[in-house]
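**Q** Have a look at this one.
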Amino acid sequence: LGALSFLVSGGFCVEVPLTLLDENVYPKAKCLDGSPGGYYAQEAKDAASKNKWVIYLKGGGECDTEEYCLEQSQTKHGSSKYISPKWDSTQYISYIASDNCRDNPEFCTWNQITNPYCSQDLHSGQVDVPSEDTWGLYFAGHFIIEAILDEMDMFTNKLSDATDIILLGASAGGIGTWMHIDYLAQRYPKAKVSGLTVAGHYFYANYYTGPDSTTDMELADFTESGWESAYHLYNSYIDESCRDVYETNNQSPAPCMLSSFSQPHVSSEVYIVQSQTDSVVLKYHDNWPEDHMNDAPEQEYTEEWHANMTAAVAPLLESSRNGVFAAACYTHTDFLAKKPVINGVGFMEAFTNFYYNRTTSEGFNFVDDCGEMCNSNCV
């Protein structure tokens with residue numbers, strides 16, 4: 001590792017340089033187009049935090065068609081050629097992967113690692129040899145994660161010496177967090193390993209087919225058959241316990257890509273932050289026309305979608321390994337430390353209560369019950 005891997009600062013870190021993975025050392029860790037994966041990293045700011053880590057899997061959609069994957073391979077979501085050479089975690093919604101101690105007082109001094117996401121496979125892919133079936137592209141998100149962890153194991157503050165690791169993921173990264181959290185816990189058995197997902201807990205899509213339905217989904221097919229196809233396209237790494245259960249029953253383990261199916265099999269603790277009416281999933285996965293959101297057919301569909309999300313988070317509310325912050329907002333990943341709030345509490349305070357076991361579940365399980373899109377404090 002070179003010195004440029006980290007930018008250490010006693011205050012806010014303004015710019016963190018991108019470190020590209022050495023292709024000779026990590027030949028499998030490639031972006032969609034075959035360029036090397038990379039990461040942004042900041043060293044802990046004080047001695048008390050030297051063995052504490054936040055690893056952030058960023059979002060950025062996913063692709064499952066030749067046309068869209070080739071398009072994405074020429075953007076920052078599919079090639080490190082277009083990823084910003086520097087990262088300012090104080091200027092973006094970075095959740096607990098921010099060194100802004102005003103908004104993130106509990107975790108701002110920890111080692112902070114950001115995976116910018118350039119594989120378009122929900123961080124799950126294990127395709128290191130492109131073929132006609134993958135349109136000449138790589139889907140190697142899992143290999144990139146492995147390589148980043150290997151790099152951090154060799155740094156001065158060795159990840160292998162960690163006492164605390166939080167795997168944070170938003171959107172595609174949130175989905176990827178569920179697939180990797182137990183892998184991380186098994187790799188680092190001495191550490192307390194926890195997950196925090198923002199917009200990462202979903203269920204099969206059931207397309208809106210009413211008036212004005214859209215026909216060109218920008219993102220991947222979230223129907224049951226779509227997930228099956230994506231599992232094989234990406235050769236996805238999934239939670240191993242979930243996979244074993246499905247394979248033992250002679251069933252495809254593709255459902256394990258979704259936490260609605262994998263959650264009962266995931267041993268690690270995971271906290272979810274979720275919108276009860278997800279704007280990105282509705283528009284780009286479900287054929288739902290936002291321009292007509294106030295029309296009766298569209299409202300009927302969002303009522304059903306809201307009910308499905310309510311049902312999807314219910315098992316997590318009953319689990320000792322999970323916590324929930326589910327806001328009645330029309331958004332995707334827009335959650336700030338103190339906005340939205342539920343009963344006066346933002347997700348950051350709720351998660352901190354969960355992580356440090358400071359309260360009973362009443363102090364970290366928050367689910368709006370006012371109806372649809374009725375939280376007045378949404379971002």
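Ordering of the structure tokens sets the chain letters (A, B, ...); residue numbers start at 1 within each chain; ligands are numbered from 1 in the order shown.
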Considering only C-alpha atoms, return as a PDB file with N, CA, C and O atoms, in the first residue's frame whatever protein or nucleic-acid residues lie within 7 Å of range 115-121 of chain A, sequence-local ones (same chain, fewer than 6 positions apart) excluded.

**A**
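Saved the output as out_29.pdb:
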ATOM      1  N   CYS A  31     -13.671  -3.808 -12.713  1.00  0.00           N
ATOM      2  CA  CYS A  31     -14.943  -3.146 -12.986  1.00  0.00           C
ATOM      3  C   CYS A  31     -15.611  -3.825 -14.183  1.00  0.00           C
ATOM      4  O   CYS A  31     -15.042  -4.702 -14.826  1.00  0.00           O
ATOM      5  N   LEU A  32     -16.792  -3.392 -14.496  1.00  0.00           N
ATOM      6  CA  LEU A  32     -17.578  -3.984 -15.573  1.00  0.00           C
ATOM      7  C   LEU A  32     -16.806  -4.034 -16.887  1.00  0.00           C
ATOM      8  O   LEU A  32     -16.881  -5.015 -17.637  1.00  0.00           O
ATOM      9  N   GLY A  37     -10.757  -2.278 -10.139  1.00  0.00           N
ATOM     10  CA  GLY A  37     -11.573  -1.695  -9.086  1.00  0.00           C
ATOM     11  C   GLY A  37     -10.719  -0.830  -8.176  1.00  0.00           C
ATOM     12  O   GLY A  37      -9.491  -0.776  -8.308  1.00  0.00           O
ATOM     13  N   GLY A  38     -11.363  -0.143  -7.256  1.00  0.00           N
ATOM     14  CA  GLY A  38     -10.612   0.736  -6.369  1.00  0.00           C
ATOM     15  C   GLY A  38     -11.370   1.063  -5.110  1.00  0.00           C
ATOM     16  O   GLY A  38     -12.456   0.520  -4.856  1.00  0.00           O
ATOM     17  N   TYR A  39     -10.813   1.962  -4.321  1.00  0.00           N
ATOM     18  CA  TYR A  39     -11.442   2.339  -3.062  1.00  0.00           C
ATOM     19  C   TYR A  39     -10.913   3.689  -2.601  1.00  0.00           C
ATOM     20  O   TYR A  39      -9.858   4.156  -3.032  1.00  0.00           O
ATOM     21  N   TYR A  40     -11.678   4.316  -1.716  1.00  0.00           N
ATOM     22  CA  TYR A  40     -11.234   5.496  -0.984  1.00  0.00           C
ATOM     23  C   TYR A  40     -11.075   5.072   0.477  1.00  0.00           C
ATOM     24  O   TYR A  40     -11.920   4.333   0.994  1.00  0.00           O
ATOM     25  N   TYR A  56     -18.020   1.002   3.475  1.00  0.00           N
ATOM     26  CA  TYR A  56     -19.214   1.515   2.800  1.00  0.00           C
ATOM     27  C   TYR A  56     -19.279   0.994   1.373  1.00  0.00           C
ATOM     28  O   TYR A  56     -18.405   1.279   0.550  1.00  0.00           O
ATOM     29  N   LEU A  57     -20.326   0.231   1.069  1.00  0.00           N
ATOM     30  CA  LEU A  57     -20.606  -0.219  -0.292  1.00  0.00           C
ATOM     31  C   LEU A  57     -21.590   0.761  -0.919  1.00  0.00           C
ATOM     32  O   LEU A  57     -22.768   0.818  -0.532  1.00  0.00           O
ATOM     33  N   LYS A  58     -21.132   1.525  -1.881  1.00  0.00           N
ATOM     34  CA  LYS A  58     -21.998   2.532  -2.500  1.00  0.00           C
ATOM     35  C   LYS A  58     -22.995   1.884  -3.456  1.00  0.00           C
ATOM     36  O   LYS A  58     -22.830   0.753  -3.906  1.00  0.00           O
ATOM     37  N   GLY A  59     -24.032   2.642  -3.756  1.00  0.00           N
ATOM     38  CA  GLY A  59     -25.019   2.220  -4.725  1.00  0.00           C
ATOM     39  C   GLY A  59     -24.690   2.755  -6.104  1.00  0.00           C
ATOM     40  O   GLY A  59     -23.653   3.372  -6.329  1.00  0.00           O
ATOM     41  N   GLY A  61     -27.193   1.455  -8.966  1.00  0.00           N
ATOM     42  CA  GLY A  61     -27.984   0.644  -9.880  1.00  0.00           C
ATOM     43  C   GLY A  61     -27.361  -0.701 -10.176  1.00  0.00           C
ATOM     44  O   GLY A  61     -26.416  -1.148  -9.523  1.00  0.00           O
ATOM     45  N   GLU A  62     -27.892  -1.346 -11.175  1.00  0.00           N
ATOM     46  CA  GLU A  62     -27.427  -2.650 -11.622  1.00  0.00           C
ATOM     47  C   GLU A  62     -27.933  -2.836 -13.041  1.00  0.00           C
ATOM     48  O   GLU A  62     -28.886  -2.189 -13.466  1.00  0.00           O
ATOM     49  N   CYS A  63     -27.273  -3.684 -13.802  1.00  0.00           N
ATOM     50  CA  CYS A  63     -27.707  -3.897 -15.181  1.00  0.00           C
ATOM     51  C   CYS A  63     -27.878  -5.383 -15.445  1.00  0.00           C
ATOM     52  O   CYS A  63     -27.201  -6.220 -14.852  1.00  0.00           O
ATOM     53  N   LYS A  76     -19.050   5.992 -14.611  1.00  0.00           N
ATOM     54  CA  LYS A  76     -18.405   5.705 -13.323  1.00  0.00           C
ATOM     55  C   LYS A  76     -19.007   4.477 -12.647  1.00  0.00           C
ATOM     56  O   LYS A  76     -18.390   3.908 -11.735  1.00  0.00           O
ATOM     57  N   HIS A  77     -20.196   4.068 -13.077  1.00  0.00           N
ATOM     58  CA  HIS A  77     -20.827   2.899 -12.480  1.00  0.00           C
ATOM     59  C   HIS A  77     -20.324   1.586 -13.078  1.00  0.00           C
ATOM     60  O   HIS A  77     -20.680   0.509 -12.593  1.00  0.00           O
ATOM     61  N   GLY A  78     -19.497   1.694 -14.130  1.00  0.00           N
ATOM     62  CA  GLY A  78     -18.998   0.474 -14.751  1.00  0.00           C
ATOM     63  C   GLY A  78     -17.537   0.517 -15.116  1.00  0.00           C
ATOM     64  O   GLY A  78     -17.014  -0.439 -15.697  1.00  0.00           O
ATOM     65  N   SER A  79     -16.849   1.614 -14.785  1.00  0.00           N
ATOM     66  CA  SER A  79     -15.443   1.730 -15.153  1.00  0.00           C
ATOM     67  C   SER A  79     -14.731   2.691 -14.208  1.00  0.00           C
ATOM     68  O   SER A  79     -15.234   3.785 -13.923  1.00  0.00           O
ATOM     69  N   SER A  80     -13.552   2.290 -13.740  1.00  0.00           N
ATOM     70  CA  SER A  80     -12.781   3.176 -12.866  1.00  0.00           C
ATOM     71  C   SER A  80     -12.169   4.331 -13.650  1.00  0.00           C
ATOM     72  O   SER A  80     -11.661   5.285 -13.063  1.00  0.00           O
ATOM     73  N   PHE A 139     -18.384  -9.184 -14.337  1.00  0.00           N
ATOM     74  CA  PHE A 139     -19.223  -8.903 -13.170  1.00  0.00           C
ATOM     75  C   PHE A 139     -18.439  -9.450 -11.983  1.00  0.00           C
ATOM     76  O   PHE A 139     -18.482 -10.642 -11.692  1.00  0.00           O
ATOM     77  N   ALA A 140     -17.701  -8.591 -11.311  1.00  0.00           N
ATOM     78  CA  ALA A 140     -16.714  -9.060 -10.333  1.00  0.00           C
ATOM     79  C   ALA A 140     -16.793  -8.315  -9.008  1.00  0.00           C
ATOM     80  O   ALA A 140     -15.790  -8.130  -8.319  1.00  0.00           O
ATOM     81  N   GLY A 141     -17.998  -7.908  -8.624  1.00  0.00           N
ATOM     82  CA  GLY A 141     -18.154  -7.131  -7.401  1.00  0.00           C
ATOM     83  C   GLY A 141     -17.641  -7.827  -6.156  1.00  0.00           C
ATOM     84  O   GLY A 141     -17.036  -7.199  -5.276  1.00  0.00           O
ATOM     85  N   TYR A 234     -24.505 -12.851 -13.116  1.00  0.00           N
ATOM     86  CA  TYR A 234     -23.437 -12.346 -12.259  1.00  0.00           C
ATOM     87  C   TYR A 234     -22.598 -13.463 -11.636  1.00  0.00           C
ATOM     88  O   TYR A 234     -21.530 -13.194 -11.097  1.00  0.00           O
TER      89      TYR A 234
END

**Q** Please build the interface table for range 207-250 of chain A against range 183-202 of chain A with a cut-off of 10 Å, listing for each qualifying residue the nearest atom pair and the distance in Å to one decimal; count only C-alpha atoms, order rows by chain and increasing number, and write it as JSON lines.

**A**
{"residue": "A:Phe222", "atom": "CA", "partner": "A:Tyr202", "partner_atom": "CA", "distance": 9.3}
{"residue": "A:Tyr237", "atom": "CA", "partner": "A:Tyr183", "partner_atom": "CA", "distance": 9.8}
{"residue": "A:Ile238", "atom": "CA", "partner": "A:Tyr183", "partner_atom": "CA", "distance": 9.1}
{"residue": "A:Asp239", "atom": "CA", "partner": "A:Tyr183", "partner_atom": "CA", "distance": 7.4}
{"residue": "A:Glu240", "atom": "CA", "partner": "A:Tyr183", "partner_atom": "CA", "distance": 8.1}

**Q** Quick one: DSSP strand (DSSP E or B) residues in range 99-234 of chain A, as a PDB file with N, CA and C atoms, in the first residue's frame?

**A**
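The new file part-v4.pdb reads:
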ATOM      1  N   ASN A 111     -11.735   4.253  11.139  1.00  0.00           N
ATOM      2  CA  ASN A 111     -11.234   4.005   9.792  1.00  0.00           C
ATOM      3  C   ASN A 111     -12.438   3.947   8.846  1.00  0.00           C
ATOM      4  N   GLN A 112     -12.353   4.658   7.741  1.00  0.00           N
ATOM      5  CA  GLN A 112     -13.472   4.749   6.803  1.00  0.00           C
ATOM      6  C   GLN A 112     -13.031   4.271   5.415  1.00  0.00           C
ATOM      7  N   ILE A 113     -13.690   3.245   4.906  1.00  0.00           N
ATOM      8  CA  ILE A 113     -13.380   2.692   3.591  1.00  0.00           C
ATOM      9  C   ILE A 113     -14.625   2.808   2.719  1.00  0.00           C
ATOM     10  N   THR A 114     -14.476   3.347   1.531  1.00  0.00           N
ATOM     11  CA  THR A 114     -15.597   3.466   0.600  1.00  0.00           C
ATOM     12  C   THR A 114     -15.288   2.709  -0.683  1.00  0.00           C
ATOM     13  N   ASN A 115     -16.163   1.787  -1.029  1.00  0.00           N
ATOM     14  CA  ASN A 115     -16.098   1.062  -2.300  1.00  0.00           C
ATOM     15  C   ASN A 115     -17.008   1.796  -3.277  1.00  0.00           C
ATOM     16  N   VAL A 127     -17.609 -13.152 -11.921  1.00  0.00           N
ATOM     17  CA  VAL A 127     -17.255 -13.423 -13.316  1.00  0.00           C
ATOM     18  C   VAL A 127     -15.915 -12.777 -13.603  1.00  0.00           C
ATOM     19  N   PHE A 139     -18.384  -9.184 -14.337  1.00  0.00           N
ATOM     20  CA  PHE A 139     -19.223  -8.903 -13.170  1.00  0.00           C
ATOM     21  C   PHE A 139     -18.439  -9.450 -11.983  1.00  0.00           C
ATOM     22  N   ASP A 164     -14.221  -3.803  15.888  1.00  0.00           N
ATOM     23  CA  ASP A 164     -15.553  -3.402  15.440  1.00  0.00           C
ATOM     24  C   ASP A 164     -15.524  -3.158  13.940  1.00  0.00           C
ATOM     25  N   ILE A 165     -16.458  -3.762  13.217  1.00  0.00           N
ATOM     26  CA  ILE A 165     -16.601  -3.529  11.782  1.00  0.00           C
ATOM     27  C   ILE A 165     -18.078  -3.335  11.481  1.00  0.00           C
ATOM     28  N   ILE A 166     -18.406  -2.230  10.849  1.00  0.00           N
ATOM     29  CA  ILE A 166     -19.769  -2.001  10.376  1.00  0.00           C
ATOM     30  C   ILE A 166     -19.739  -1.991   8.850  1.00  0.00           C
ATOM     31  N   LEU A 167     -20.476  -2.883   8.253  1.00  0.00           N
ATOM     32  CA  LEU A 167     -20.621  -2.910   6.799  1.00  0.00           C
ATOM     33  C   LEU A 167     -21.866  -2.110   6.450  1.00  0.00           C
ATOM     34  N   LEU A 168     -21.646  -0.979   5.820  1.00  0.00           N
ATOM     35  CA  LEU A 168     -22.709  -0.051   5.443  1.00  0.00           C
ATOM     36  C   LEU A 168     -22.962  -0.160   3.951  1.00  0.00           C
ATOM     37  N   GLY A 169     -24.209  -0.202   3.544  1.00  0.00           N
ATOM     38  CA  GLY A 169     -24.520  -0.227   2.128  1.00  0.00           C
ATOM     39  C   GLY A 169     -25.773   0.558   1.821  1.00  0.00           C
ATOM     40  N   ALA A 170     -25.759   1.274   0.692  1.00  0.00           N
ATOM     41  CA  ALA A 170     -26.924   2.038   0.262  1.00  0.00           C
ATOM     42  C   ALA A 170     -27.365   1.562  -1.110  1.00  0.00           C
ATOM     43  N   LYS A 192     -16.611  -7.514  16.369  1.00  0.00           N
ATOM     44  CA  LYS A 192     -18.060  -7.360  16.336  1.00  0.00           C
ATOM     45  C   LYS A 192     -18.414  -6.843  14.945  1.00  0.00           C
ATOM     46  N   VAL A 193     -19.129  -7.636  14.164  1.00  0.00           N
ATOM     47  CA  VAL A 193     -19.466  -7.282  12.786  1.00  0.00           C
ATOM     48  C   VAL A 193     -20.963  -7.033  12.682  1.00  0.00           C
ATOM     49  N   SER A 194     -21.324  -5.866  12.214  1.00  0.00           N
ATOM     50  CA  SER A 194     -22.731  -5.477  12.087  1.00  0.00           C
ATOM     51  C   SER A 194     -22.975  -4.873  10.712  1.00  0.00           C
ATOM     52  N   GLY A 195     -24.229  -4.891  10.293  1.00  0.00           N
ATOM     53  CA  GLY A 195     -24.604  -4.304   9.021  1.00  0.00           C
ATOM     54  C   GLY A 195     -25.566  -3.148   9.195  1.00  0.00           C
ATOM     55  N   LEU A 196     -25.460  -2.173   8.310  1.00  0.00           N
ATOM     56  CA  LEU A 196     -26.410  -1.061   8.241  1.00  0.00           C
ATOM     57  C   LEU A 196     -26.758  -0.872   6.780  1.00  0.00           C
ATOM     58  N   THR A 197     -28.014  -1.080   6.424  1.00  0.00           N
ATOM     59  CA  THR A 197     -28.429  -0.927   5.037  1.00  0.00           C
ATOM     60  C   THR A 197     -29.417   0.226   4.901  1.00  0.00           C
ATOM     61  N   VAL A 198     -29.241   0.994   3.848  1.00  0.00           N
ATOM     62  CA  VAL A 198     -30.158   2.075   3.490  1.00  0.00           C
ATOM     63  C   VAL A 198     -30.714   1.735   2.110  1.00  0.00           C
TER      64      VAL A 198
END

**Q** Kindly indicate which residue among A:Ile96, A:Leu316, A:Leu336, A:Ala327 lies nearest to Glu269 in chain A, using only C-alpha atoms for the distances.

**A** A:Leu316

**Q** Of the residues A:Ser84, A:Asn104, A:Ser225, A:Ser259, which is the one nearest to Phe351 in chain A, using only C-alpha atoms?

**A**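 With only C-alpha atoms as the atom set, the closest residue is A:Asn104.
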
**Q** List every residue of range 316-359 of chain A that DSSP, applied to the backbone, labels as alpha helix (DSSP H), and write the result as a ChimeraX atom specification.

**A** /A:316-317,347-355
